[in-house]
$ cat target.tsv   # TSV, C-alpha atoms
chain	number	residue	atom	x	y	z
G	2	MET	CA	3.11	-18.43	-29.67
G	3	ASN	CA	2.56	-17.72	-26.01
G	4	ARG	CA	-1.14	-16.89	-25.90
G	5	LEU	CA	-0.82	-15.45	-22.40
G	6	SER	CA	2.12	-13.06	-22.83
G	7	VAL	CA	1.63	-9.38	-22.00
G	8	GLU	CA	3.88	-6.46	-22.91
G	9	LEU	CA	3.73	-3.43	-20.63
G	10	PRO	CA	6.19	-0.57	-20.04
G	11	GLY	CA	9.27	-2.18	-18.53
G	12	LEU	CA	7.57	-5.56	-18.20
G	13	HIS	CA	7.54	-8.65	-20.40
G	14	LEU	CA	5.05	-10.94	-18.66
G	15	LYS	CA	4.75	-14.67	-19.44
G	16	ASN	CA	1.15	-14.33	-18.35
G	17	PRO	CA	-1.00	-11.54	-16.87
G	18	ILE	CA	-1.18	-13.01	-13.34
G	19	MET	CA	0.74	-11.60	-10.38
G	20	PRO	CA	0.21	-11.55	-6.63
G	21	ALA	CA	-0.77	-8.12	-5.30
G	22	SER	CA	1.45	-6.15	-2.97
G	23	GLY	CA	0.69	-6.69	0.70
G	24	CYS	CA	-0.84	-10.13	0.18
G	25	PHE	CA	2.28	-12.08	-0.74
G	26	GLY	CA	4.98	-10.64	1.47
G	27	PHE	CA	8.30	-10.99	-0.33
G	28	GLY	CA	7.36	-14.43	-1.64
G	29	GLN	CA	9.41	-16.50	0.81
G	30	GLU	CA	6.45	-18.48	2.22
G	31	TYR	CA	4.84	-19.08	-1.17
G	32	GLY	CA	8.20	-20.01	-2.68
G	33	LYS	CA	8.19	-23.11	-0.48
G	34	MET	CA	4.91	-24.24	-2.06
G	35	TYR	CA	5.42	-23.66	-5.79
G	36	ASP	CA	7.87	-22.30	-8.36
G	37	LEU	CA	7.46	-18.53	-8.37
G	38	SER	CA	8.84	-18.45	-11.92
G	39	LEU	CA	5.34	-19.54	-13.02
G	40	LEU	CA	4.01	-16.07	-12.21
G	41	GLY	CA	3.76	-13.19	-14.64
G	42	ALA	CA	5.36	-10.90	-12.06
G	43	ILE	CA	5.47	-10.36	-8.30
G	44	MET	CA	4.38	-7.16	-6.61
G	45	ILE	CA	6.37	-7.27	-3.41
G	46	LYS	CA	5.21	-5.81	-0.11
G	47	ALA	CA	5.52	-2.06	0.34
G	48	THR	CA	9.01	-0.79	1.16
G	49	THR	CA	9.56	2.32	3.27
G	50	LEU	CA	12.82	4.11	3.98
G	51	GLU	CA	12.98	2.87	7.57
G	52	PRO	CA	11.71	-0.46	8.98
G	53	ARG	CA	8.12	-0.43	10.25
G	54	LEU	CA	6.48	-2.67	12.82
G	55	GLY	CA	2.99	-1.81	11.60
G	56	ASN	CA	-0.15	-1.02	13.57
G	57	PRO	CA	-1.19	-2.60	16.91
G	58	THR	CA	-3.13	-5.87	16.80
G	59	PRO	CA	-5.77	-7.00	16.05
G	60	ARG	CA	-5.33	-5.65	12.56
G	61	VAL	CA	-7.20	-8.19	10.40
G	62	ALA	CA	-10.89	-9.10	10.50
G	63	GLU	CA	-13.02	-11.26	8.22
G	64	THR	CA	-16.17	-9.71	6.73
G	65	PRO	CA	-18.95	-11.06	4.51
G	66	SER	CA	-17.26	-11.73	1.14
G	67	GLY	CA	-14.13	-9.91	2.16
G	68	MET	CA	-11.46	-8.98	4.66
G	69	LEU	CA	-10.49	-5.86	6.58
G	70	ASN	CA	-6.85	-5.14	7.30
G	71	ALA	CA	-4.88	-2.33	8.90
G	72	ILE	CA	-1.36	-3.76	8.82
G	73	GLY	CA	0.27	-0.35	8.62
G	74	LEU	CA	2.97	-1.02	6.01
G	75	GLN	CA	4.99	-3.42	8.18
G	76	ASN	CA	8.26	-4.10	6.37
G	77	PRO	CA	12.01	-4.43	7.05
G	78	GLY	CA	12.87	-1.08	5.48
G	79	LEU	CA	14.82	-0.22	2.34
G	80	ALA	CA	18.16	-1.61	3.50
G	81	GLY	CA	16.62	-4.93	4.58
G	82	VAL	CA	14.76	-5.34	1.30
G	83	MET	CA	17.87	-4.54	-0.75
G	84	GLU	CA	20.15	-6.83	1.28
G	85	ASN	CA	17.85	-9.81	1.88
G	86	GLU	CA	14.49	-9.93	0.12
G	87	LEU	CA	15.37	-8.90	-3.45
G	88	PRO	CA	18.56	-11.04	-3.66
G	89	TRP	CA	16.54	-14.10	-2.52
G	90	LEU	CA	14.01	-13.47	-5.30
G	91	GLU	CA	16.76	-13.45	-7.95
G	92	GLN	CA	16.67	-17.28	-8.07
G	93	PHE	CA	13.30	-17.04	-9.86
G	94	ASP	CA	12.76	-16.05	-13.49
G	95	VAL	CA	10.11	-13.47	-12.72
G	96	PRO	CA	10.07	-9.66	-12.90
G	97	ILE	CA	9.62	-7.83	-9.62
G	98	ILE	CA	7.42	-4.77	-9.20
G	99	ALA	CA	8.57	-2.95	-6.08
G	100	ASN	CA	5.84	-1.16	-4.11
G	101	VAL	CA	7.22	2.13	-2.76
G	102	ALA	CA	5.65	3.93	0.22
G	103	GLY	CA	6.48	6.82	2.53
G	104	THR	CA	5.15	9.64	4.64
G	105	GLU	CA	6.60	12.53	2.64
G	106	THR	CA	7.92	13.11	-0.85
G	107	ALA	CA	11.57	12.79	0.19
G	108	ASP	CA	10.89	9.26	1.53
G	109	TYR	CA	9.33	8.12	-1.73
G	110	VAL	CA	12.13	9.65	-3.78
G	111	GLU	CA	14.91	8.04	-1.75
G	112	VAL	CA	13.30	4.58	-1.75
G	113	ALA	CA	12.56	4.79	-5.48
G	114	LYS	CA	16.09	5.94	-6.32
G	115	VAL	CA	17.69	3.02	-4.54
G	116	ILE	CA	15.25	0.14	-5.06
G	117	SER	CA	14.95	0.83	-8.82
G	118	THR	CA	18.63	-0.12	-9.18
G	119	ALA	CA	18.07	-3.73	-8.00
G	120	PRO	CA	18.75	-6.15	-10.89
G	121	ASN	CA	15.38	-7.91	-10.72
G	122	VAL	CA	13.20	-4.84	-10.10
G	123	GLN	CA	11.70	-3.99	-13.49
G	124	ALA	CA	9.04	-1.52	-12.38
G	125	LEU	CA	7.87	0.45	-9.36
G	126	GLU	CA	4.39	0.60	-7.92
G	127	LEU	CA	3.95	3.97	-6.22
G	128	ASN	CA	1.68	3.60	-3.20
G	129	ILE	CA	-0.20	6.89	-2.85
G	130	SER	CA	-2.80	5.59	-0.38
G	131	CYS	CA	-0.80	6.23	2.80
G	132	PRO	CA	-3.03	8.16	5.24
G	133	ASN	CA	-0.24	9.89	7.19
G	134	VAL	CA	1.49	12.52	5.12
G	135	LYS	CA	2.77	16.02	5.78
G	136	GLU	CA	0.61	18.28	3.66
G	137	GLY	CA	-2.45	19.14	5.72
G	138	GLY	CA	-3.31	15.53	6.45
G	139	ILE	CA	-4.46	15.11	2.86
G	140	THR	CA	-3.35	11.79	1.42
G	141	PHE	CA	-1.27	11.77	-1.72
G	142	GLY	CA	-3.88	9.67	-3.42
G	143	THR	CA	-6.86	11.99	-2.93
G	144	ASP	CA	-5.36	15.30	-4.08
G	145	PRO	CA	-4.71	15.48	-7.85
G	146	LEU	CA	-1.97	18.12	-7.63
G	147	ILE	CA	-0.06	16.29	-4.89
G	148	ALA	CA	-0.45	12.98	-6.75
G	149	GLU	CA	0.91	14.57	-9.94
G	150	GLU	CA	3.86	16.20	-8.19
G	151	LEU	CA	4.80	13.03	-6.32
G	152	THR	CA	4.62	10.97	-9.50
G	153	ALA	CA	6.90	13.46	-11.29
G	154	ALA	CA	9.38	13.48	-8.41
G	155	VAL	CA	9.64	9.69	-8.38
G	156	LYS	CA	9.82	9.47	-12.17
G	157	ALA	CA	12.77	11.86	-12.12
G	158	VAL	CA	14.90	9.45	-10.06
G	159	SER	CA	13.59	6.00	-11.00
G	160	LYS	CA	15.67	3.74	-13.26
G	161	VAL	CA	12.57	1.72	-14.21
G	162	PRO	CA	8.97	2.54	-15.28
G	163	VAL	CA	6.63	3.81	-12.58
G	164	TYR	CA	3.08	2.54	-12.04
G	165	VAL	CA	0.88	4.45	-9.62
G	166	LYS	CA	-1.58	2.61	-7.37
G	167	LEU	CA	-4.85	4.52	-7.09
G	168	SER	CA	-7.12	4.69	-4.08
G	169	PRO	CA	-10.85	4.06	-4.61
G	170	ASN	CA	-11.62	6.34	-1.66
G	171	VAL	CA	-12.15	9.41	-3.83
G	172	THR	CA	-15.11	11.14	-5.45
G	173	ASP	CA	-13.77	10.81	-8.99
G	174	VAL	CA	-10.94	8.36	-9.60
G	175	LYS	CA	-10.58	9.58	-13.20
G	176	GLU	CA	-9.34	12.94	-11.91
G	177	ILE	CA	-6.50	11.25	-9.99
G	178	ALA	CA	-5.70	8.98	-12.94
G	179	LEU	CA	-5.31	11.96	-15.26
G	180	ALA	CA	-3.12	13.70	-12.68
G	181	VAL	CA	-0.63	10.84	-12.39
G	182	GLU	CA	-0.59	10.50	-16.17
G	183	ARG	CA	0.38	14.18	-16.38
G	184	GLY	CA	3.04	13.46	-13.77
G	185	GLY	CA	4.63	10.95	-16.13
G	186	ALA	CA	3.29	7.64	-14.83
G	187	ASP	CA	3.98	4.73	-17.18
G	188	GLY	CA	0.94	2.83	-15.93
G	189	ILE	CA	-1.72	2.59	-13.25
G	190	THR	CA	-2.55	-0.14	-10.78
G	191	MET	CA	-6.03	-0.15	-9.25
G	192	ILE	CA	-7.82	-0.47	-6.98
G	193	ASN	CA	-6.41	-0.30	-3.47
G	194	THR	CA	-8.73	-1.23	-0.58
G	195	LEU	CA	-11.93	0.57	0.41
G	196	LEU	CA	-12.10	2.03	3.89
G	197	GLY	CA	-14.40	0.09	6.23
G	198	MET	CA	-14.91	-1.14	9.76
G	199	ARG	CA	-16.41	-4.05	11.71
G	200	LEU	CA	-17.83	-4.03	15.22
G	201	ASP	CA	-17.61	-6.70	17.90
G	202	GLU	CA	-21.14	-8.09	18.39
G	203	LYS	CA	-20.78	-8.28	22.19
G	204	THR	CA	-19.01	-5.02	23.01
G	205	GLY	CA	-20.11	-2.89	20.06
G	206	LYS	CA	-16.53	-1.72	19.75
G	207	PRO	CA	-14.40	-1.80	16.60
G	208	ILE	CA	-12.61	-5.14	16.23
G	209	ILE	CA	-9.53	-3.69	14.53
G	210	ALA	CA	-7.25	-1.74	16.87
G	211	ASN	CA	-6.86	0.94	14.18
G	212	VAL	CA	-10.71	1.27	14.22
G	213	THR	CA	-10.90	1.34	10.41
G	214	GLY	CA	-9.25	-0.92	7.87
G	215	GLY	CA	-9.02	-1.57	4.16
G	216	LEU	CA	-11.73	-3.80	2.71
G	217	SER	CA	-10.62	-6.30	0.06
G	218	GLY	CA	-11.89	-9.54	-1.43
G	219	PRO	CA	-14.91	-10.39	-3.63
G	220	ALA	CA	-17.02	-7.66	-1.97
G	221	VAL	CA	-15.03	-4.93	-3.76
G	222	LYS	CA	-14.94	-6.50	-7.23
G	223	PRO	CA	-17.91	-4.55	-8.68
G	224	VAL	CA	-16.35	-1.29	-7.50
G	225	ALA	CA	-13.00	-2.20	-9.04
G	226	LEU	CA	-14.55	-3.18	-12.37
G	227	LYS	CA	-16.51	0.09	-12.56
G	228	MET	CA	-13.44	2.20	-11.84
G	229	ILE	CA	-11.20	0.32	-14.29
G	230	TYR	CA	-13.91	0.61	-16.94
G	231	GLU	CA	-13.94	4.39	-16.45
G	232	VAL	CA	-10.21	4.99	-16.10
G	233	SER	CA	-9.17	2.80	-19.04
G	234	GLN	CA	-11.26	5.02	-21.31
G	235	THR	CA	-9.86	8.20	-19.75
G	236	VAL	CA	-6.07	7.73	-19.85
G	237	ASP	CA	-3.66	6.42	-22.49
G	238	ILE	CA	-1.47	4.38	-20.12
G	239	PRO	CA	-2.09	0.71	-19.26
G	240	ILE	CA	-3.81	-0.57	-16.11
G	241	ILE	CA	-2.95	-3.53	-13.91
G	242	GLY	CA	-6.28	-4.35	-12.27
G	243	MET	CA	-7.00	-5.78	-8.84
G	244	GLY	CA	-9.84	-5.97	-6.35
G	245	GLY	CA	-11.48	-9.25	-5.40
G	246	ILE	CA	-10.03	-11.55	-8.05
G	247	MET	CA	-10.66	-15.13	-6.91
G	248	ASN	CA	-10.71	-17.24	-10.08
G	249	VAL	CA	-10.15	-17.35	-13.83
G	250	GLN	CA	-13.55	-15.80	-14.65
G	251	ASP	CA	-12.69	-12.80	-12.49
G	252	VAL	CA	-9.51	-12.35	-14.55
G	253	ILE	CA	-11.55	-12.36	-17.77
G	254	ASP	CA	-13.89	-9.75	-16.26
G	255	PHE	CA	-11.02	-7.41	-15.29
G	256	LEU	CA	-9.42	-7.66	-18.74
G	257	SER	CA	-12.78	-7.03	-20.37
G	258	ALA	CA	-13.22	-3.93	-18.21
G	259	GLY	CA	-9.95	-2.52	-19.53
G	260	ALA	CA	-7.07	-3.95	-17.49
G	261	SER	CA	-4.06	-5.32	-19.39
G	262	ALA	CA	-2.92	-7.59	-16.53
G	263	VAL	CA	-4.19	-8.38	-13.05
G	264	ALA	CA	-3.00	-8.79	-9.48
G	265	VAL	CA	-4.49	-11.35	-7.08
G	266	GLY	CA	-4.66	-10.29	-3.43
G	267	THR	CA	-6.94	-11.66	-0.72
G	268	ALA	CA	-7.49	-14.94	-2.61
G	269	ASN	CA	-3.90	-15.95	-1.73
G	270	PHE	CA	-4.99	-16.25	1.91
G	271	VAL	CA	-7.92	-18.51	0.96
G	272	ASN	CA	-5.94	-20.67	-1.46
G	273	PRO	CA	-2.14	-20.18	-1.62
G	274	PHE	CA	-2.14	-21.93	-5.01
G	275	VAL	CA	-4.70	-19.60	-6.58
G	276	CYS	CA	-2.21	-17.86	-8.90
G	277	PRO	CA	-0.74	-21.00	-10.52
G	278	THR	CA	-4.24	-22.49	-10.71
G	279	ILE	CA	-5.57	-19.48	-12.63
G	280	ILE	CA	-2.54	-19.55	-14.96
G	281	GLU	CA	-3.17	-23.23	-15.70
G	282	GLU	CA	-6.86	-22.63	-16.40
G	283	LEU	CA	-6.45	-19.55	-18.63
G	284	PRO	CA	-5.72	-21.34	-21.97
G	285	GLY	CA	-8.87	-23.44	-21.61
G	286	LYS	CA	-10.87	-20.31	-20.90
G	287	LEU	CA	-9.48	-18.66	-24.05
G	288	ASP	CA	-10.53	-21.74	-26.04
G	289	GLU	CA	-14.00	-21.54	-24.52
G	290	LEU	CA	-14.28	-17.87	-25.54
G	291	GLY	CA	-12.81	-18.45	-29.01
G	292	VAL	CA	-9.90	-16.11	-28.33
G	293	GLU	CA	-6.45	-16.73	-29.80
G	294	HIS	CA	-4.47	-14.29	-27.62
G	295	ILE	CA	-5.39	-12.91	-24.23
G	296	SER	CA	-4.82	-9.31	-25.37
G	297	GLU	CA	-7.96	-9.61	-27.50
G	298	LEU	CA	-10.02	-9.45	-24.30
G	299	VAL	CA	-8.69	-6.11	-23.06
G	300	GLY	CA	-11.41	-3.46	-23.05
G	301	ARG	CA	-13.99	-5.55	-24.92
G	302	SER	CA	-16.71	-4.26	-22.57
G	303	TYR	CA	-16.71	-0.89	-24.36
G	304	ARG	CA	-15.29	-1.71	-27.77
G	305	SER	CA	-17.72	-1.63	-30.68
$ encode --input "target.tsv" --output "C-alpha cells"
Amino acid sequence: MNRLSVELPGLHLKNPIMPASGCFGFGQEYGKMYDLSLLGAIMIKATTLEPRLGNPTPRVAETPSGMLNAIGLQNPGLAGVMENELPWLEQFDVPIIANVAGTETADYVEVAKVISTAPNVQALELNISCPNVKEGGITFGTDPLIAEELTAAVKAVSKVPVYVKLSPNVTDVKEIALAVERGGADGITMINTLLGMRLDEKTGKPIIANVTGGLSGPAVKPVALKMIYEVSQTVDIPIIGMGGIMNVQDVIDFLSAGASAVAVGTANFVNPFVCPTIIEELPGKLDELGVEHISELVGRSYRS
C-alpha cells in the first residue's frame, strides 16, 4: 500500500506534495536538478490569454521570515504554454494543475477552455486574486457573487475539475469559500499571499516598484492554518493548503488543520530540493506519529 497516496477530484497523487504556482515556473529549472515524477503534482505558473512581461523591477524583497513579491503574472501566454511548456512536462509521470488567470471573465473562460484540453493537465487552479479586473475595481476574490459567477463560467467550459485559489485579503474567507462551492468548484486551494510592503531604510521609500507585494513564507503560516481550519469545516469540497510550508512538520500541521494535500512555495527558493526531501521524510514522520496512512491526519485538529 502506498501510505502517501491522495485521491482528489481529477487527481490521483502519489503523495500530497506539490510545488505551488508562481514558485516553480513551468518546472524546467527544477527538472535539471531532480526527477519531477517524484512529485504528487505540479501547479504550473499562472497562464493568461496573452503573454505578460510582469511588473517593473525591483519586484521581490526579503522580509523577516518571509518574502514580498509583485511579479505581475509574467508568463508566455496561452499559446506559448500550450506549444512549449506543457509538452515538455509530458516526459514526467506527474499530473499538472494549470493555474488560470485573467483580467475579465472572458479571459478566464478562454484560457480554461483551451488549457484544460492538454493531455497532462488534470485540474485547473482558478486564480481569483488578480487586482486588475473590470467590475468596479473589485477583485474577483473579494466579492462572493463575482467569485461564484466566475467559478460557474469556468466550470461550464473546463474539461477537468476546477480548484479555486482563495485570497486571504478578505474579512471572512469562509464567505468566499461557500460562494465558489456554490459556483461548482471541485476543490479549494489556499492561501494566496497577504498584501504587504517594505521600505528602504535610507530613503524611506517602498523597495518594490509596485509599492505593495504579496507576503509569503513562514511568516504567513499561522494565518494559513487558521483559515484552512475554518474553511475545511465550512465547505464539503477538499482543500489543497499552502502558506509558509518549509518542512515535513509544516505538512503535518496543514493536514491536521484540514488540508488534504499541500503546495510548497517560497521554500523552493531557499532549498530547491525541499519537495523531494519532504516526500522522503514523510513515511518516517507517519511512523513517529503511529499513523498507517496519511489521510488519517486530515482534519484531526477538530475531530473528536
$ atom_distance --input "target.tsv" --atom1 "CA of Ser168 in chain G" --atom2 "CA of Ala260 in chain G"
16.0 Å
$ residues_near_point --input "target.tsv" --point "(15.5, 0.8, 2.2)" --cutoff "7 Å" --atoms "only C-alpha atoms" --output "list in words"
Thr48, Thr49, Leu50, Glu51, Gly78, Leu79, Ala80, Gly81, Val82, Met83 and Val112 of chain G
$ write_last_selection --input "target.tsv" --atoms "C-alpha atoms" --output "short mmCIF file (atom, residue, chain, number, x, y, z; two decimals), keeping the file's coordinate frame"
data_model
loop_
_atom_site.label_atom_id
_atom_site.label_comp_id
_atom_site.auth_asym_id
_atom_site.auth_seq_id
_atom_site.Cartn_x
_atom_site.Cartn_y
_atom_site.Cartn_z
CA THR G 48 9.01 -0.79 1.16
CA THR G 49 9.56 2.32 3.27
CA LEU G 50 12.82 4.11 3.98
CA GLU G 51 12.98 2.87 7.57
CA GLY G 78 12.87 -1.08 5.48
CA LEU G 79 14.82 -0.22 2.34
CA ALA G 80 18.16 -1.61 3.50
CA GLY G 81 16.62 -4.93 4.58
CA VAL G 82 14.76 -5.34 1.30
CA MET G 83 17.87 -4.54 -0.75
CA VAL G 112 13.30 4.58 -1.75
#
$ closest_atom_pairs --input "target.tsv" --of "range 168-287 of chain G" --to "range 16-24 of chain G" --cutoff "10 Å" --atoms "only C-alpha atoms" --output "tab-separated table"
residue	atom	partner	partner_atom	distance
G:Thr190	CA	G:Ala21	CA	9.8
G:Asn193	CA	G:Ser22	CA	9.8
G:Ile241	CA	G:Pro17	CA	8.8
G:Gly242	CA	G:Ala21	CA	9.7
G:Met243	CA	G:Ala21	CA	7.5
G:Gly244	CA	G:Ala21	CA	9.4
G:Val249	CA	G:Ile18	CA	10.0
G:Val252	CA	G:Ile18	CA	8.4
G:Leu256	CA	G:Pro17	CA	9.5
G:Ala260	CA	G:Pro17	CA	9.7
G:Ser261	CA	G:Pro17	CA	7.4
G:Ala262	CA	G:Pro17	CA	4.4
G:Val263	CA	G:Ile18	CA	5.5
G:Ala264	CA	G:Met19	CA	4.8
G:Val265	CA	G:Pro20	CA	4.7
G:Gly266	CA	G:Ala21	CA	4.8
G:Thr267	CA	G:Cys24	CA	6.4
G:Ala268	CA	G:Cys24	CA	8.7
G:Asn269	CA	G:Cys24	CA	6.8
G:Phe270	CA	G:Cys24	CA	7.6
G:Val275	CA	G:Pro20	CA	9.4
G:Cys276	CA	G:Ile18	CA	6.7
G:Pro277	CA	G:Ile18	CA	8.5
G:Ile279	CA	G:Ile18	CA	7.9
G:Ile280	CA	G:Ile18	CA	6.9
G:Leu283	CA	G:Asn16	CA	9.2
$ closest_residue --input "target.tsv" --among "G:Asp108, G:Pro65, G:Ile295, G:Ile45" --to "Leu14 in chain G" --atoms "all atoms listed in the file"
G:Ile295
$ residues_around --input "target.tsv" --residues "Lys33 in chain G" --least-positions-apart "4" --cutoff "12 Å" --atoms "only C-alpha atoms" --output "PyMOL selection string"
chain G and resi 28-29+37+273-274
$ atom_distance --input "target.tsv" --atom1 "CA of Glu126 in chain G" --atom2 "CA of Tyr164 in chain G"
4.7 Å
$ closest_residue --input "target.tsv" --among "G:Gly245, G:Gly188, G:Gly205, G:Pro96" --to "Ser38 in chain G" --atoms "all atoms listed in the file"
G:Pro96
$ closest_atom_pairs --input "target.tsv" --of "range 158-226 of chain G" --to "range 115-120 of chain G" --cutoff "7 Å" --atoms "only C-alpha atoms" --output "Markdown table"
| residue | atom | partner | partner_atom | distance |
| --- | --- | --- | --- | --- |
| G:Ser159 | CA | G:Ser117 | CA | 5.8 |
| G:Lys160 | CA | G:Ser117 | CA | 5.4 |
| G:Val161 | CA | G:Ser117 | CA | 6.0 |
$ closest_residue --input "target.tsv" --among "G:Pro284, G:Pro223, G:Pro88, G:Pro52" --to "Ile246 in chain G" --atoms "only C-alpha atoms"
G:Pro223
$ closest_residue --input "target.tsv" --among "G:Val158, G:Val299, G:Ile208, G:Met228" --to "Thr172 in chain G" --atoms "all atoms listed in the file"
G:Met228
$ residues_around --input "target.tsv" --residues "Gln75 in chain G" --least-positions-apart "4" --cutoff "6 Å" --atoms "all atoms listed in the file" --output "list in words"
Arg53, Leu54 and Gly55 of chain G
$ atom_distance --input "target.tsv" --atom1 "CA of Lys156 in chain G" --atom2 "CA of Gly184 in chain G"
8.0 Å
$ closest_residue --input "target.tsv" --among "G:Ile97, G:Ala102, G:Leu9, G:Leu87" --to "Ile189 in chain G" --atoms "only C-alpha atoms"
G:Leu9
$ residues_around --input "target.tsv" --residues "Val61 in chain G" --least-positions-apart "6" --cutoff "12 Å" --atoms "all atoms listed in the file" --output "PyMOL selection string"
chain G and resi 67-73+197-199+207-217+267+270
$ residues_near_point --input "target.tsv" --point "(-3.6, 7.5, -13.5)" --cutoff "10 Å" --atoms "all atoms listed in the file" --output "PyMOL selection string"
chain G and resi 145+148-149+152+164-167+174-191+232-233+235-240
$ closest_residue --input "target.tsv" --among "G:Ala225, G:Asn248, G:Val155, G:Leu200" --to "Pro169 in chain G" --atoms "only C-alpha atoms"
G:Ala225
$ axis_aligned_box --input "target.tsv" --around "range 191-204 of chain G" --padding-each-side "3 Å" --output "AutoDock Vina command-line options"
--center_x -13.6 --center_y -3.1 --center_z 6.9 --size_x 21.1 --size_y 16.3 --size_z 38.3
